[in-house]
$ cat model.cif   # mmCIF, C-alpha atoms
data_my_file
#
loop_
_atom_site.label_atom_id
_atom_site.label_comp_id
_atom_site.auth_asym_id
_atom_site.auth_seq_id
_atom_site.Cartn_x
_atom_site.Cartn_y
_atom_site.Cartn_z
CA MET A 1 104.15 112.23 132.94
CA GLU A 2 107.82 111.71 132.14
CA THR A 3 110.18 114.67 131.58
CA LEU A 4 113.40 114.58 129.57
CA THR A 5 116.07 117.27 129.73
CA ILE A 6 118.16 117.59 126.59
CA ILE A 7 121.09 119.88 125.82
CA ILE A 8 121.43 120.88 122.16
CA PRO A 9 125.03 120.15 121.07
CA GLU A 10 127.08 122.87 119.40
CA ARG A 11 127.21 120.97 116.12
CA MET A 12 123.43 121.43 115.77
CA THR A 13 123.53 125.23 115.86
CA GLY A 14 121.28 126.43 113.06
CA TYR A 15 119.20 123.23 112.91
CA ARG A 16 115.41 123.40 112.97
CA LEU A 17 114.14 122.38 116.40
CA ASP A 18 112.14 119.42 115.04
CA VAL A 19 115.14 118.18 113.04
CA ALA A 20 117.49 118.46 116.01
CA LEU A 21 115.16 116.60 118.36
CA SER A 22 114.44 113.91 115.75
CA GLU A 23 118.16 113.23 115.43
CA MET A 24 118.68 113.18 119.19
CA LEU A 25 115.61 111.03 119.90
CA PRO A 26 115.72 108.28 117.23
CA ASP A 27 113.11 106.14 119.01
CA TYR A 28 110.40 108.76 118.38
CA SER A 29 108.87 109.68 115.03
CA ARG A 30 109.34 113.12 113.50
CA SER A 31 105.57 113.66 113.46
CA LYS A 32 105.28 112.89 117.17
CA ILE A 33 108.13 115.27 118.03
CA THR A 34 106.51 117.98 115.90
CA ALA A 35 103.22 117.45 117.75
CA TRP A 36 105.00 117.79 121.11
CA ILE A 37 106.61 121.05 120.02
CA LYS A 38 103.31 122.49 118.76
CA SER A 39 101.48 121.50 121.96
CA GLY A 40 104.07 123.21 124.17
CA ASP A 41 105.43 119.95 125.55
CA ALA A 42 108.92 120.80 124.26
CA LEU A 43 110.23 124.04 125.78
CA VAL A 44 113.57 125.58 124.82
CA ASN A 45 115.05 127.46 127.78
CA ASN A 46 111.49 127.40 129.24
CA LYS A 47 110.01 129.10 126.15
CA ALA A 48 107.71 127.72 123.49
CA PHE A 49 109.25 127.41 120.03
CA LYS A 50 107.84 126.45 116.61
CA PRO A 51 109.10 123.29 114.88
CA LYS A 52 110.85 125.37 112.20
CA ASP A 53 112.62 127.71 114.68
CA LYS A 54 116.40 127.44 114.66
CA VAL A 55 118.32 126.32 117.73
CA ASN A 56 121.72 127.17 119.17
CA GLY A 57 124.25 124.95 120.84
CA SER A 58 123.95 124.58 124.66
CA GLN A 59 120.22 125.43 124.71
CA MET A 60 118.24 123.27 127.14
CA VAL A 61 115.09 121.50 125.96
CA MET A 62 112.54 120.29 128.53
CA LEU A 63 110.39 117.60 126.91
CA SER A 64 107.22 116.40 128.68
CA LEU A 65 106.25 112.94 127.45
CA ASN A 66 102.56 112.35 127.90
CA LYS A 67 102.33 108.58 127.88
CA LYS A 68 98.53 108.49 128.03
CA GLN A 69 97.64 109.26 124.44
CA ASN A 70 94.53 107.10 123.97
CA ASN A 71 92.56 108.09 127.08
CA GLU A 72 89.41 108.56 125.03
CA TRP A 73 89.61 105.00 123.63
CA SER A 74 88.22 102.32 125.94
CA ALA A 75 89.55 98.80 126.33
CA GLU A 76 87.01 96.18 125.21
CA ASN A 77 87.05 92.40 125.45
CA ILE A 78 86.87 91.61 121.73
CA ALA A 79 88.43 88.42 120.37
CA LEU A 80 91.63 88.78 118.35
CA ASN A 81 93.07 86.25 115.92
CA ILE A 82 96.78 86.57 116.72
CA VAL A 83 99.11 85.03 114.13
CA PHE A 84 102.39 86.04 115.79
CA GLU A 85 103.58 88.11 118.73
CA ASP A 86 106.72 88.94 120.66
CA GLU A 87 107.66 91.83 122.91
CA ASP A 88 107.95 94.23 119.94
CA ILE A 89 105.13 93.45 117.49
CA ILE A 90 101.77 91.71 117.15
CA VAL A 91 100.54 90.32 113.82
CA ILE A 92 96.80 89.73 113.61
CA ASN A 93 94.38 88.30 111.08
CA LYS A 94 91.57 90.88 111.19
CA GLN A 95 88.06 89.67 110.58
CA PHE A 96 85.90 91.69 108.22
CA GLY A 97 83.26 93.94 109.75
CA ILE A 98 85.56 95.49 112.35
CA VAL A 99 86.82 99.08 112.06
CA THR A 100 90.54 99.60 112.64
CA HIS A 101 90.35 102.46 115.13
CA PRO A 102 87.70 104.73 116.70
CA GLY A 103 86.28 107.60 114.67
CA ALA A 104 83.03 109.31 113.84
CA GLY A 105 80.21 106.80 114.19
CA ASN A 106 82.52 104.03 115.45
CA TRP A 107 83.82 104.97 118.89
CA THR A 108 83.62 101.41 120.24
CA GLY A 109 83.96 97.88 118.95
CA THR A 110 87.09 98.62 116.95
CA LEU A 111 90.40 96.80 116.60
CA ALA A 112 92.09 99.49 118.73
CA ASN A 113 89.60 98.87 121.56
CA ALA A 114 90.37 95.16 121.36
CA LEU A 115 94.13 95.75 121.39
CA LEU A 116 93.93 98.01 124.44
CA TYR A 117 92.16 95.22 126.32
CA TYR A 118 94.66 92.60 125.16
CA ASP A 119 97.69 94.73 126.07
CA SER A 120 97.02 97.78 128.24
CA SER A 121 100.56 99.10 127.66
CA LEU A 122 99.50 100.00 124.09
CA SER A 123 97.72 103.02 125.59
CA LYS A 124 101.17 104.65 125.70
CA LEU A 125 101.45 104.60 121.90
CA ASP A 126 99.84 106.66 119.18
CA ARG A 127 96.77 104.82 117.83
CA ALA A 128 97.42 101.96 120.24
CA GLY A 129 100.40 100.86 118.14
CA ILE A 130 98.48 100.62 114.86
CA VAL A 131 100.75 101.63 111.96
CA HIS A 132 98.49 100.87 108.97
CA ARG A 133 94.85 100.04 108.48
CA LEU A 134 92.45 97.80 106.65
CA ASP A 135 88.98 98.94 105.60
CA LYS A 136 86.13 97.78 107.83
CA ASN A 137 85.04 95.10 105.38
CA THR A 138 88.52 93.96 104.34
CA SER A 139 89.91 90.97 106.21
CA GLY A 140 93.46 89.79 106.75
CA LEU A 141 96.91 90.51 108.10
CA MET A 142 98.00 93.62 109.99
CA VAL A 143 101.06 94.38 112.13
CA ILE A 144 100.87 96.28 115.43
CA ALA A 145 103.82 97.91 117.22
CA ARG A 146 104.26 97.33 120.97
CA ASN A 147 106.75 100.10 121.71
CA GLU A 148 107.91 103.48 120.40
CA LYS A 149 110.99 102.13 118.65
CA SER A 150 109.05 99.44 116.78
CA GLN A 151 106.32 101.88 115.81
CA LYS A 152 108.81 104.38 114.38
CA TYR A 153 110.68 101.69 112.43
CA LEU A 154 107.53 100.10 111.01
CA VAL A 155 106.15 103.47 109.90
CA GLU A 156 109.46 104.20 108.16
CA GLN A 157 109.33 100.79 106.40
CA LEU A 158 105.78 101.47 105.21
CA GLN A 159 106.68 104.96 104.00
CA SER A 160 109.72 103.58 102.15
CA HIS A 161 107.59 100.85 100.50
CA LEU A 162 109.66 98.14 102.19
CA VAL A 163 106.69 96.22 103.61
CA ASP A 164 105.31 93.70 101.11
CA ARG A 165 101.52 93.39 101.24
CA GLU A 166 99.76 90.84 99.05
CA TYR A 167 95.98 90.74 98.74
CA SER A 168 93.44 88.37 97.23
CA ALA A 169 90.39 89.87 95.51
CA ILE A 170 87.45 88.49 93.54
CA VAL A 171 86.41 90.88 90.80
CA TYR A 172 83.89 91.30 88.01
CA GLY A 173 85.02 90.48 84.49
CA HIS A 174 87.27 87.90 82.87
CA MET A 175 90.77 89.32 83.29
CA ILE A 176 92.94 88.49 80.28
CA ALA A 177 96.28 89.56 81.75
CA GLY A 178 97.78 91.19 84.80
CA GLY A 179 99.41 94.56 84.93
CA THR A 180 100.22 97.61 87.02
CA VAL A 181 98.07 100.62 87.83
CA ASP A 182 100.28 103.63 88.51
CA GLU A 183 97.71 106.37 89.01
CA PRO A 184 97.43 108.95 91.83
CA ILE A 185 94.52 108.69 94.25
CA GLY A 186 92.69 111.50 96.04
CA ARG A 187 89.22 112.39 97.26
CA ASP A 188 86.47 112.16 94.68
CA PRO A 189 85.37 115.79 94.05
CA LYS A 190 81.80 114.61 93.46
CA ASP A 191 81.56 112.43 96.58
CA ARG A 192 83.79 113.25 99.55
CA VAL A 193 83.29 109.80 101.08
CA LYS A 194 84.91 108.13 98.07
CA GLN A 195 88.41 108.11 96.65
CA ALA A 196 89.17 108.38 92.95
CA VAL A 197 92.01 108.45 90.45
CA SER A 198 92.92 112.13 90.46
CA MET A 199 95.90 114.03 89.07
CA SER A 200 95.87 116.12 92.25
CA GLY A 201 96.01 113.03 94.44
CA LYS A 202 98.93 111.14 95.99
CA ASP A 203 101.10 108.66 94.08
CA ALA A 204 99.66 105.15 94.16
CA THR A 205 100.87 101.92 92.56
CA THR A 206 99.13 98.54 92.49
CA HIS A 207 100.40 95.40 90.73
CA TYR A 208 97.85 92.70 89.88
CA ARG A 209 97.56 89.36 88.11
CA ALA A 210 94.95 86.65 87.72
CA ILE A 211 95.05 83.61 89.99
CA ASP A 212 91.90 81.89 88.65
CA ARG A 213 89.79 83.00 85.68
CA PHE A 214 86.08 82.25 85.44
CA LYS A 215 83.54 83.01 82.71
CA SER A 216 82.60 86.42 84.08
CA HIS A 217 84.80 86.88 87.18
CA THR A 218 88.45 86.61 88.19
CA HIS A 219 90.29 85.71 91.38
CA VAL A 220 93.12 88.27 91.53
CA LYS A 221 96.39 88.72 93.38
CA ALA A 222 97.13 92.39 94.11
CA VAL A 223 100.39 93.74 95.56
CA LEU A 224 100.62 97.24 96.98
CA GLU A 225 103.61 99.53 96.66
CA THR A 226 101.76 102.38 98.36
CA GLY A 227 98.95 102.34 100.91
CA ARG A 228 96.33 104.89 99.90
CA THR A 229 92.78 104.74 101.23
CA HIS A 230 90.70 102.22 99.24
CA GLN A 231 93.66 101.81 96.85
CA ILE A 232 92.96 98.31 95.48
CA ARG A 233 89.24 99.00 95.24
CA VAL A 234 89.83 102.24 93.31
CA HIS A 235 92.57 100.94 91.02
CA LEU A 236 90.86 97.68 90.02
CA SER A 237 87.61 99.56 89.37
CA TYR A 238 89.63 102.02 87.26
CA VAL A 239 90.79 99.19 84.97
CA GLY A 240 87.26 97.80 84.66
CA HIS A 241 87.41 95.06 87.29
CA SER A 242 85.58 96.30 90.38
CA LEU A 243 85.38 94.03 93.41
CA ILE A 244 82.38 91.82 94.07
CA GLY A 245 80.44 93.18 97.05
CA ASP A 246 81.71 96.75 96.64
CA PRO A 247 78.77 99.00 95.64
CA MET A 248 80.84 102.13 96.36
CA TYR A 249 83.19 101.49 93.44
CA GLY A 250 81.36 98.81 91.49
CA GLY A 251 77.73 99.86 91.49
CA ARG A 252 74.89 97.36 91.69
CA VAL A 253 75.30 93.60 91.62
CA ARG A 254 75.75 92.27 88.07
CA PHE A 255 74.84 88.78 86.89
CA PRO A 256 76.50 86.99 83.96
CA LYS A 257 74.35 85.63 81.14
CA LYS A 258 72.48 82.47 82.08
CA ALA A 259 73.57 82.80 85.70
CA SER A 260 72.32 79.98 87.90
CA GLU A 261 70.07 80.73 90.84
CA GLU A 262 72.88 79.62 93.14
CA LEU A 263 75.27 82.14 91.60
CA LYS A 264 72.70 84.93 91.72
CA GLU A 265 72.07 84.23 95.39
CA ALA A 266 75.80 84.07 96.17
CA LEU A 267 76.45 87.44 94.49
CA LEU A 268 73.44 89.12 96.11
CA ASN A 269 74.34 87.83 99.57
CA PHE A 270 78.03 88.74 99.46
CA LYS A 271 77.74 91.88 101.60
CA ARG A 272 81.35 93.10 101.78
CA GLN A 273 84.09 93.77 99.25
CA ALA A 274 85.78 90.50 98.31
CA LEU A 275 89.23 91.56 99.52
CA HIS A 276 91.62 89.83 101.91
CA SER A 277 95.13 90.79 103.07
CA LYS A 278 96.71 87.40 102.40
CA LYS A 279 100.45 87.85 102.95
CA LEU A 280 102.59 90.28 104.93
CA THR A 281 106.38 90.48 104.74
CA LEU A 282 108.54 92.92 106.70
CA THR A 283 111.82 93.39 108.53
CA HIS A 284 111.48 92.92 112.27
CA PRO A 285 112.02 96.36 113.84
CA ILE A 286 114.41 95.13 116.54
CA SER A 287 116.05 91.90 115.35
CA GLY A 288 116.36 92.97 111.70
CA GLU A 289 115.11 89.54 110.61
CA SER A 290 112.96 89.28 107.47
CA MET A 291 109.61 87.78 108.50
CA SER A 292 106.56 86.72 106.52
CA TRP A 293 103.06 85.48 107.36
CA LYS A 294 100.13 84.14 105.34
CA ALA A 295 96.45 84.11 106.24
CA PRO A 296 94.15 81.68 104.41
CA LEU A 297 91.14 83.02 102.57
CA PRO A 298 88.12 83.44 104.87
CA ASP A 299 85.16 81.10 104.47
CA ASP A 300 82.92 83.60 102.67
CA MET A 301 85.45 84.12 99.86
CA LEU A 302 86.17 80.37 99.60
CA GLU A 303 82.44 79.66 99.31
CA LEU A 304 82.06 82.32 96.61
CA LEU A 305 84.95 80.81 94.62
CA GLU A 306 83.33 77.38 94.83
CA VAL A 307 80.07 78.74 93.38
CA LEU A 308 82.00 80.46 90.55
CA LYS A 309 83.83 77.20 89.75
CA LYS A 310 80.55 75.27 89.73
CA PHE A 311 78.99 77.79 87.32
CA ASP A 312 81.96 77.34 84.97
CA SER A 313 81.84 73.54 84.99
#

$ encode --input "model.cif" --output "structure tokens"
Amino acid sequence: METLTIIIPERMTGYRLDVALSEMLPDYSRSKITAWIKSGDALVNNKAFKPKDKVNGSQMVMLSLNKKQNNEWSAENIALNIVFEDEDIIVINKQFGIVTHPGAGNWTGTLANALLYYDSSLSKLDRAGIVHRLDKNTSGLMVIARNEKSQKYLVEQLQSHLVDREYSAIVYGHMIAGGTVDEPIGRDPKDRVKQAVSMSGKDATTHYRAIDRFKSHTHVKAVLETGRTHQIRVHLSYVGHSLIGDPMYGGRVRFPKKASEELKEALLNFKRQALHSKKLTLTHPISGESMSWKAPLPDDMLELLEVLKKFDS
């Protein structure tokens, strides 16, 4: 346990406590500081305050930094495909079938468990340094922070839509043209496990265009501006092009007219949504350098594309 002692400067008289501490501690996120205040780990003149309470100049804040924030998550020796790493970030190519972090029904075998084994110092960070997620059955690129400053900066980039994320998807239907879906996403009122386009949801924007067109399917490039849960899956389904292998948003497997047995088998046996995080571009949180990585399509998607091409020939 590390303890910081901070004196509120006179110029901050009248500030909210969370605002004052956020300005004085730029390496920590506002949400983390708010959580410390609410948990009683930030005492003003030895008294508990609320985040919205106003402060006065010369008040003393005692801040207890609990560095062990993932005690309940175990480290597990699970292979990671690391694309890039330095002392501030790790970029990985996540395989499909692995959950990002522990939760109900998936307390082990997750990416977070693997990261904690690879770098035990990540136990000091919220969510083991994970700043965004990919669905269990989505593969591809993710960035992980290795320290507080990097985590805060990456979260701010994501919230400001400054991280470019390009995906490849294989969808039902012959897509004539690309476009943009600018529709809010929230929980489906009829099925709480699903997301849906909802006027009461959060803003969500997805740009898409065709890469390869087949008779009854399309290989699509999708670029996210926002990062809502299941966003690409929801938005492409909304415009009539649900992902292959995604029964949640696409329903049962559909065969084109005169489908070959090979194509039928390929569609039936594709057991995850055909979605891959192909390219990631961001500003390095410490150096300020613009960096970009690409991850090739996984074998299962390449094999599916080959079958679609053969059916078209």

$ closest_residue --input "model.cif" --among "A:Ser31, A:Ser168, A:Asn106, A:Ser260" --to "Ser313 of chain A" --atoms "all atoms listed in the file"
A:Ser260

$ atom_distance --input "model.cif" --atom1 "atom CA of Lys136 of chain A" --atom2 "atom CA of Gly178 of chain A"
26.6 Å

$ closest_residue --input "model.cif" --among "A:Val163, A:Ile82, A:Leu63, A:Val19" --to "Pro51 of chain A" --atoms "only C-alpha atoms"
A:Val19

$ resolve_selection --input "model.cif" --expression "the PyMOL selection byres ((chain A and resi 94) around 7)" --output "MDAnalysis selection string"
chainID A and resid 81 92:93 95:96 139:141

$ resolve_selection --input "model.cif" --expression "the PyMOL selection byres ((chain A and resi 49) around 12)" --output "list of chain:residue names"
A:Arg16, A:Leu17, A:Asp18, A:Thr34, A:Ala35, A:Trp36, A:Ile37, A:Lys38, A:Ser39, A:Gly40, A:Asp41, A:Ala42, A:Leu43, A:Val44, A:Asn45, A:Asn46, A:Lys47, A:Ala48, A:Lys50, A:Pro51, A:Lys52, A:Asp53, A:Lys54, A:Val55, A:Val61, A:Met62

$ closest_residue --input "model.cif" --among "A:Met142, A:Leu280, A:Ala196, A:Leu21" --to "Leu80 of chain A" --atoms "all atoms listed in the file"
A:Met142

$ closest_residue --input "model.cif" --among "A:Lys271, A:His132, A:Arg233, A:Arg11" --to "Arg165 of chain A" --atoms "all atoms listed in the file"
A:His132

$ resolve_selection --input "model.cif" --expression "the PyMOL selection byres ((chain A and resi 199) around 8)" --output "NGL selection string"
:A and (183-185 or 197-198 or 200-201)

$ closest_residue --input "model.cif" --among "A:Val181, A:Tyr172, A:Val234, A:Pro285" --to "Ile90 of chain A" --atoms "only C-alpha atoms"
A:Pro285

$ atom_distance --input "model.cif" --atom1 "atom CA of Ser242 of chain A" --atom2 "atom CA of Leu282 of chain A"
28.4 Å
